[in-house]
Amino acid sequence: ATMGGKMSPFWAAVFKWTIVGMAITIVAVLLYNVLGSGSIFKPKGKKITAKDEDFSIETIEANIHESDLDRHIWEALQQQNYTLAIRLYYLAVIKELSLNKWIKWKRDKTNRDYLGEMKTTSLFNPYRDATRIFERVFYGNAAIQEQDFNVLKPRFTALLDKIKQTTRP
């Protein structure tokens with residue numbers, strides 16, 4: 001309600017405190033994201049660890065070139081953790097692409113960044129397919145069983161073989 005074109009003192013106070021409250025909330029969210037324990041705007045990282053092994057997917061990713069991915073894949077399969085096995089196969093693809101100079105590996109790059117680097121290469125289509133499989137399984141929370149894994153595994157192993165056999169132009 002206005003009185004002669006002016007806002008009543010009550011509504012002026014409500015408006016003022018609403019703006020102040022919104023500003024405090026925005027500052028609090030920004031401080032939480034910058035100084036706090038993480039981001040509430042990005043997806044939480046999935047932590048997958050083997051049952052009897054002191055390693056995490058984050059450790060493997062950070063040391064991708066030094067990691068024995070074949071051993072970790074074998075361990076994941078022994079535990080029947082097919083989602084982890086697909087993740088490790090995808091990391092093996094990234095590792096081979098990097099070792100063979102198809103991509104420039106950096107831990108903070110996204111799958112889309114790597115797809116962009118691969119766009120004009122002969123390996124683009126199989127790499128895009130592997131990326132789609134990985135993202136559906138890992139981020140889509142698809143529960144895959146052994147028979148599903150046995151259908152998907154040859155696509156990763158064929159791509160790994162192709163990367164090793166194809167020289168960078």
# chains A, B, ... in the order shown; residues from 1 in each chain; ligands from 1
$ residues_around --residues "A:Phe138" --least-positions-apart "6" --cutoff "9 Å" --atoms "only C-alpha atoms" --output "number ranges by chain"
A: 46, 83-84, 86-87
$ residues_around --residues "A:Ala142" --least-positions-apart "5" --cutoff "12 Å" --atoms "only C-alpha atoms" --output "JSON, numbers by chain"
{"A": [82, 83, 84, 86, 133, 134, 135, 136, 137, 148, 149]}
$ residues_around --residues "stretch 154-169 of chain A" --least-positions-apart "4" --cutoff "12 Å" --atoms "only C-alpha atoms" --output "number ranges by chain"
A: 70, 85-103, 118, 120-134, 148-150
$ select_by_dssp --residues "stretch 59-166 of chain A" --states "alpha helix (DSSP H)" --output "PyMOL selection string"
chain A and resi 59-62+69-78+82-99+111-118+124-138+146-165
$ select_by_dssp --residues "stretch 1-166 of chain A" --states "strand (DSSP E or B)" --output "PyMOL selection string"
chain A and resi 2-3+6-7+49+56
$ atom_distance --atom1 "atom CA of A:Ala62" --atom2 "atom CA of A:Arg107"
6.4 Å
$ atom_distance --atom1 "atom CA of A:Met22" --atom2 "atom CA of A:Met7"
20.4 Å
$ atom_distance --atom1 "atom CA of A:Gln80" --atom2 "atom CA of A:Lys153"
13.7 Å
$ closest_residue --among "A:Glu146, A:Ile57, A:Ser8, A:Asn111" --to "A:Leu77" --atoms "only C-alpha atoms"
A:Glu146
